[in-house]
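Here is the file input_19.txt (compact mmCIF, C-alpha atoms).
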```
# COMPACT_ATOMS: atom_id res chain seq x y z
CA MET Z 136 0.00 0.00 0.00
CA ILE Z 137 1.82 3.08 -1.30
CA GLU Z 138 -0.30 6.21 -1.66
CA ILE Z 139 -0.54 9.97 -1.73
CA THR Z 140 -4.03 11.00 -0.67
CA ASP Z 141 -5.98 14.22 -0.14
CA GLN Z 142 -8.32 12.41 2.26
CA PRO Z 143 -7.77 11.75 6.01
CA ILE Z 144 -5.46 8.74 6.49
CA GLN Z 145 -7.11 5.73 8.15
CA VAL Z 146 -4.42 4.20 10.37
CA GLN Z 147 -6.30 0.91 10.71
CA SER Z 148 -6.36 0.47 6.90
CA CYS Z 149 -2.56 0.79 6.87
CA ILE Z 150 -2.24 -1.83 9.62
CA ASP Z 151 -4.72 -4.12 7.86
CA ALA Z 152 -2.71 -3.76 4.63
CA VAL Z 153 0.42 -5.25 6.23
CA GLN Z 154 -1.23 -8.22 7.94
CA SER Z 155 0.83 -11.33 7.35
CA GLU Z 156 0.88 -14.73 9.00
CA ARG Z 157 4.69 -14.65 8.78
CA ALA Z 158 4.92 -11.41 10.76
CA GLY Z 159 5.49 -11.35 14.50
CA ALA Z 160 5.74 -7.56 14.60
CA VAL Z 161 4.05 -4.56 13.03
CA ASP Z 162 5.68 -1.21 13.70
CA VAL Z 163 3.63 1.89 12.89
CA PHE Z 164 4.91 5.45 12.60
CA ILE Z 165 2.30 8.21 12.61
CA GLY Z 166 3.44 11.72 11.72
CA THR Z 167 1.06 14.39 13.00
CA VAL Z 168 0.73 18.16 12.67
CA ARG Z 169 2.02 19.98 15.75
CA ASN Z 170 1.02 23.45 16.84
CA HIS Z 171 4.49 24.98 17.02
CA ASN Z 172 7.84 25.00 15.24
CA LYS Z 173 10.98 26.91 16.24
CA ASN Z 174 9.08 29.02 18.77
CA ARG Z 175 6.38 30.02 16.30
CA GLU Z 176 2.77 29.10 16.70
CA VAL Z 177 1.56 27.07 13.74
CA VAL Z 178 -2.08 27.46 12.68
CA ARG Z 179 -2.15 24.77 9.98
CA LEU Z 180 -0.01 23.10 7.32
CA GLU Z 181 -0.31 22.80 3.59
CA PHE Z 182 1.32 19.82 1.89
CA GLU Z 183 2.01 19.76 -1.81
CA ALA Z 184 3.27 16.69 -3.70
CA PHE Z 185 4.66 15.87 -7.12
CA ASP Z 186 2.28 12.91 -7.09
CA GLY Z 187 3.76 10.64 -9.76
CA MET Z 188 7.36 11.01 -8.64
CA ALA Z 189 6.46 10.93 -4.94
CA VAL Z 190 4.67 7.58 -5.31
CA ARG Z 191 7.56 6.27 -7.39
CA LYS Z 192 10.10 7.29 -4.72
CA MET Z 193 7.91 5.88 -1.93
CA ARG Z 194 7.70 2.57 -3.83
CA GLU Z 195 11.50 2.58 -4.12
CA LEU Z 196 11.76 3.13 -0.35
CA GLY Z 197 9.56 0.09 0.22
CA GLU Z 198 11.70 -1.99 -2.13
CA GLU Z 199 14.96 -0.82 -0.55
CA ALA Z 200 13.65 -1.47 2.97
CA SER Z 201 12.74 -4.99 1.85
CA ARG Z 202 16.30 -5.53 0.62
CA ARG Z 203 17.80 -4.32 3.93
CA TRP Z 204 15.37 -6.01 6.32
CA PRO Z 205 13.13 -9.08 6.09
CA VAL Z 206 10.00 -7.03 5.40
CA GLU Z 207 6.87 -9.10 4.85
CA LYS Z 208 4.65 -6.14 3.97
CA ILE Z 209 4.90 -2.36 4.12
CA ALA Z 210 2.45 0.53 3.87
CA ILE Z 211 3.52 4.13 3.20
CA VAL Z 212 0.71 6.69 2.95
CA HIS Z 213 1.23 10.46 2.83
CA ARG Z 214 -1.45 13.11 2.97
CA LYS Z 215 -1.51 16.26 0.87
CA GLY Z 216 -3.62 19.41 0.96
CA THR Z 217 -4.57 21.48 4.00
CA LEU Z 218 -4.02 19.84 7.41
CA GLU Z 219 -5.13 21.12 10.79
CA ILE Z 220 -3.28 20.71 14.11
CA GLY Z 221 -3.41 17.05 15.18
CA ASP Z 222 -4.16 15.71 11.70
CA ILE Z 223 -2.16 12.76 10.43
CA ALA Z 224 0.32 13.69 7.71
CA VAL Z 225 2.00 10.33 7.15
CA VAL Z 226 1.68 6.71 8.23
CA ILE Z 227 4.27 4.00 7.76
CA ALA Z 228 3.49 0.43 8.80
CA VAL Z 229 6.08 -2.32 8.52
CA ALA Z 230 5.53 -6.02 9.20
CA THR Z 231 8.51 -8.29 9.84
CA PRO Z 232 8.98 -11.66 11.57
CA HIS Z 233 10.73 -10.02 14.59
CA ARG Z 234 10.33 -6.58 16.19
CA LYS Z 235 13.91 -5.28 15.88
CA ASP Z 236 13.71 -5.30 12.08
CA ALA Z 237 10.27 -3.66 12.09
CA PHE Z 238 11.52 -0.76 14.27
CA GLU Z 239 14.70 -0.28 12.21
CA ALA Z 240 13.00 -0.50 8.81
CA CYS Z 241 10.20 1.87 9.86
CA ARG Z 242 12.66 4.45 11.15
CA TRP Z 243 14.80 4.22 8.02
CA VAL Z 244 11.75 4.70 5.79
CA ILE Z 245 10.50 7.85 7.55
CA ASP Z 246 14.02 9.34 7.79
CA THR Z 247 14.70 8.69 4.10
CA LEU Z 248 11.23 9.80 3.00
CA LYS Z 249 11.96 13.20 4.53
CA GLU Z 250 15.14 13.47 2.44
CA VAL Z 251 14.11 12.22 -1.00
CA VAL Z 252 10.34 12.16 -1.59
CA PRO Z 253 9.14 15.28 -3.47
CA ILE Z 254 6.59 16.56 -0.96
CA TRP Z 255 6.65 20.09 0.42
CA LYS Z 256 5.26 21.48 3.65
CA LYS Z 257 4.18 25.08 4.16
CA GLU Z 258 3.55 26.28 7.70
CA ILE Z 259 0.83 28.85 8.13
CA TYR Z 260 1.19 31.23 11.10
CA GLU Z 261 -1.11 33.93 12.48
CA ASN Z 262 0.99 36.51 10.66
CA GLY Z 263 2.63 34.77 7.74
CA GLU Z 264 3.66 31.52 6.12
CA GLU Z 265 6.85 29.68 5.17
CA TRP Z 266 7.91 26.72 3.03
CA LEU Z 267 9.99 24.57 5.38
CA GLU Z 268 13.65 23.75 4.67
CA ALA Z 269 13.67 26.06 1.66
CA HIS Z 270 16.43 28.42 2.78
CA PRO Z 271 19.78 27.80 4.51
CA MET F 145 13.81 23.30 -28.14
CA GLU F 146 10.99 24.37 -25.89
CA LEU F 147 10.51 22.65 -22.54
CA THR F 148 7.64 22.97 -20.11
CA ILE F 149 8.99 22.93 -16.57
CA HIS F 150 6.68 21.86 -13.73
CA LEU F 151 6.99 23.86 -10.53
CA TYR F 152 6.21 22.96 -6.93
CA GLY F 153 6.43 24.50 -3.48
CA ILE F 154 8.58 27.60 -3.15
CA THR F 155 9.67 27.49 -6.81
CA ARG F 156 6.04 27.86 -7.84
CA ASP F 157 5.73 30.86 -5.53
CA ILE F 158 8.96 32.45 -6.83
CA ILE F 159 8.09 31.98 -10.50
CA GLY F 160 4.40 32.67 -9.92
CA SER F 161 2.97 29.74 -11.88
CA SER F 162 2.85 25.94 -11.72
CA LYS F 163 4.34 25.64 -15.23
CA LYS F 164 6.88 27.58 -17.20
CA SER F 165 8.01 27.38 -20.80
CA VAL F 166 11.76 27.55 -21.32
CA GLN F 167 13.68 27.90 -24.59
CA LEU F 168 16.96 26.00 -24.60
CA PRO F 169 19.45 25.15 -27.35
CA ASP F 170 19.29 21.55 -28.60
CA GLY F 171 21.59 19.35 -26.56
CA ALA F 172 21.18 21.50 -23.44
CA ARG F 173 21.92 19.76 -20.15
CA VAL F 174 20.24 19.96 -16.77
CA GLN F 175 22.91 22.39 -15.53
CA ASP F 176 22.23 24.69 -18.51
CA LEU F 177 18.55 24.78 -17.59
CA LEU F 178 19.40 25.61 -13.97
CA GLU F 179 21.82 28.33 -14.99
CA GLN F 180 19.28 29.95 -17.33
CA ILE F 181 16.39 29.83 -14.90
CA ARG F 182 18.51 31.14 -11.99
CA LYS F 183 19.53 34.07 -14.17
CA GLU F 184 15.89 34.89 -14.81
CA TYR F 185 14.81 34.33 -11.18
CA PRO F 186 17.76 35.19 -8.89
CA SER F 187 15.82 34.21 -5.73
CA LEU F 188 16.12 30.57 -6.83
CA ALA F 189 19.84 30.83 -6.06
CA GLU F 190 19.02 31.58 -2.41
CA LEU F 191 17.42 28.17 -1.86
CA LYS F 192 19.21 25.54 0.22
CA SER F 193 19.22 23.30 -2.85
CA LEU F 194 17.55 23.10 -6.24
CA LEU F 195 17.39 19.78 -8.08
CA VAL F 196 15.86 18.83 -11.39
CA ALA F 197 13.70 15.77 -12.00
CA VAL F 198 13.64 14.35 -15.52
CA ASN F 199 10.85 11.84 -16.17
CA GLU F 200 10.20 11.53 -12.41
CA GLU F 201 13.82 10.74 -11.47
CA TYR F 202 16.45 13.03 -9.95
CA ALA F 203 18.87 14.00 -12.74
CA GLU F 204 22.54 15.00 -12.52
CA GLY F 205 23.74 18.23 -14.12
CA GLU F 206 25.29 16.41 -17.08
CA VAL F 207 22.05 14.78 -18.24
CA VAL F 208 21.05 15.99 -21.72
CA LEU F 209 17.46 17.19 -22.07
CA THR F 210 15.11 16.56 -24.96
CA GLY F 211 11.81 18.20 -25.90
CA ARG F 212 9.90 15.07 -24.89
CA ASP F 213 11.21 15.02 -21.30
CA ASP F 214 8.93 15.63 -18.34
CA VAL F 215 10.98 18.16 -16.36
CA ALA F 216 10.36 19.54 -12.87
CA LEU F 217 12.27 21.76 -10.47
CA ILE F 218 12.65 20.17 -7.04
CA PRO F 219 13.30 22.66 -4.21
CA PRO F 220 14.32 21.25 -0.78
CA VAL F 221 11.74 18.60 0.13
CA SER F 222 9.99 18.69 3.51
CA GLY F 223 7.48 15.85 3.66
CA GLY F 224 6.79 13.66 6.65
```

Encoding of this model in structure tokens:
Amino acid sequence: MIEITDQPIQVQSCIDAVQSERAGAVDVFIGTVRNHNKNREVVRLEFEAFDGMAVRKMRELGEEASRRWPVEKIAIVHRKGTLEIGDIAVVIAVATPHRKDAFEACRWVIDTLKEVVPIWKKEIYENGEEWLEAHP
Amino acid sequence: MELTIHLYGITRDIIGSSKKSVQLPDGARVQDLLEQIRKEYPSLAELKSLLVAVNEEYAEGEVVLTGRDDVALIPPVSGG
């Protein structure tokens, strides 16, 4: 399950998608929208994605994770559009036979997603807005 | 050749549109495109990084562009 969606992410669907009789562990990362960043109060976020390339890169992350760890199944779902405080921006669920691999693979996928997948986050403040990471 | 460049995030804000037509000499490379577009929009040079995707893959500066390529500017990503 690899998706970019403009609808609220259903965490249970992601968990259901990685069910496997060979798995003894499912690790789930849920990225949510927080109300502050670098001492500024955040009102909401806007996510924009280069859909085709983003899905392609997310699929590559799933394949690479499966080469590095014994991944039975993986789900990577990222939201786009306008998100309010507390909304879920991303869910990664990884099923492996043993828990250590599930934790490691899940962490690697979210860390690498943040570096390579063409998705952009704009923070909206009471008195302005800013694309994150854009400037040094 | 004429290329249509797709723009996202801060590059869309800087250029003021989600697409831009660019005229480049035949045989132009990714680095030629970057050089030309930075000349036209100097604020692009202030970004932490600016990559180019050709046909939905990150492309090195030496990659030669053709009129059929699907080209996008990729400012620093910030998903997750």

Output as a Markdown table one row per residue of chain F within 8 Å of chain Z: the closest atom pair and its distance in Å to one decimal place, counting all atoms listed in the file, sorted by chain and residue number ascending.
```
| residue | atom | partner | partner_atom | distance |
| --- | --- | --- | --- | --- |
| F:Tyr152 | CA | Z:Phe185 | CA | 7.3 |
| F:Gly153 | CA | Z:Trp255 | CA | 5.9 |
| F:Ile154 | CA | Z:Trp266 | CA | 6.3 |
| F:Glu190 | CA | Z:His270 | CA | 6.6 |
| F:Leu191 | CA | Z:His270 | CA | 4.8 |
| F:Lys192 | CA | Z:His270 | CA | 4.8 |
| F:Ser193 | CA | Z:Ala269 | CA | 7.7 |
| F:Glu200 | CA | Z:Met188 | CA | 4.7 |
| F:Glu201 | CA | Z:Met188 | CA | 7.1 |
| F:Ile218 | CA | Z:Pro253 | CA | 7.0 |
| F:Pro219 | CA | Z:Ala269 | CA | 6.8 |
| F:Pro220 | CA | Z:Ala269 | CA | 5.4 |
| F:Val221 | CA | Z:Trp255 | CA | 5.3 |
| F:Ser222 | CA | Z:Trp255 | CA | 4.8 |
| F:Gly223 | CA | Z:Ile254 | CA | 4.8 |
| F:Gly224 | CA | Z:Lys249 | CA | 5.6 |
```

Residues within 10 Å of segment 167-171 of chain F, all atoms listed in the file, excluding chain neighbours under 5 positions, as a ChimeraX atom specification: /F:145-148,176-177,180,207-211

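Within the 12 Å cut-off around Trp243 of chain Z, using only C-alpha atoms and omitting residues fewer than 2 positions from it on the same chain, the listed residues are Phe164, Leu196, Gly197, Glu199, Ala200, Ser201, Arg203, Trp204, Ile227, Ala228, Val229, Asp236, Ala237, Phe238, Glu239, Ala240, Cys241, Ile245, Asp246, Thr247, Leu248, Lys249 and Glu250 of chain Z.
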
Å distance separating atom CA of Ala230 of chain Z from atom CA of Lys208 of chain Z, one decimal place: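 Distance between the two atoms: 5.3 Å.
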
Could you tell me which of Z:Val244, Z:Ile209, Z:Ile259, Z:Ile220 comes closest to Ala160 of chain Z if we count all atoms listed in the file?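 Closest to Ala160 of chain Z, using all atoms listed in the file: Z:Ile209.
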
Can you list, as a PyMOL selection string, every protein, DNA or RNA residue that comes within 9 Å of Thr155 of chain F when you count all atoms listed in the file, leaving out same-chain residues fewer than 3 positions away? chain F and resi 151-152+158-162+188+217-219

Report, in Å with one decimal, the straight-line distance from atom CA of Glu258 of chain Z to atom CA of Ala189 of chain F. 21.8 Å

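Our summary of the geometry notes that atom CA of Gln175 of chain F is positioned 27.6 Å from atom CA of Arg194 of chain Z.
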
Shortest interatomic distance to Val166 of chain F - which of F:Ala216, F:Ala203, F:Ile149, F:Val196, counting only C-alpha atoms: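 Smallest separation from Val166 of chain F among the options: F:Ile149.
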
Give the padded box for segment 201-213 of chain Z as lines of an AutoDock Vina configuration file: axis-aligned, covering all atoms listed in the file, 3 Å on each side, centre and edge lengths in Å to one decimal.
```
center_x = 9.3
center_y = 0.7
center_z = 3.5
size_x = 23.1
size_y = 25.6
size_z = 11.7
```

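Considering only C-alpha atoms, the residue among Z:Pro143, Z:Arg175, Z:Leu218, Z:Glu207 positioned nearest to Ser155 of chain Z is Z:Glu207.
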
Under the rule that all atoms listed in the file are counted, which of Z:Asp222, Z:Glu198, Z:Ala210, Z:Gly263 is the nearest residue to Ile150 of chain Z? Z:Ala210
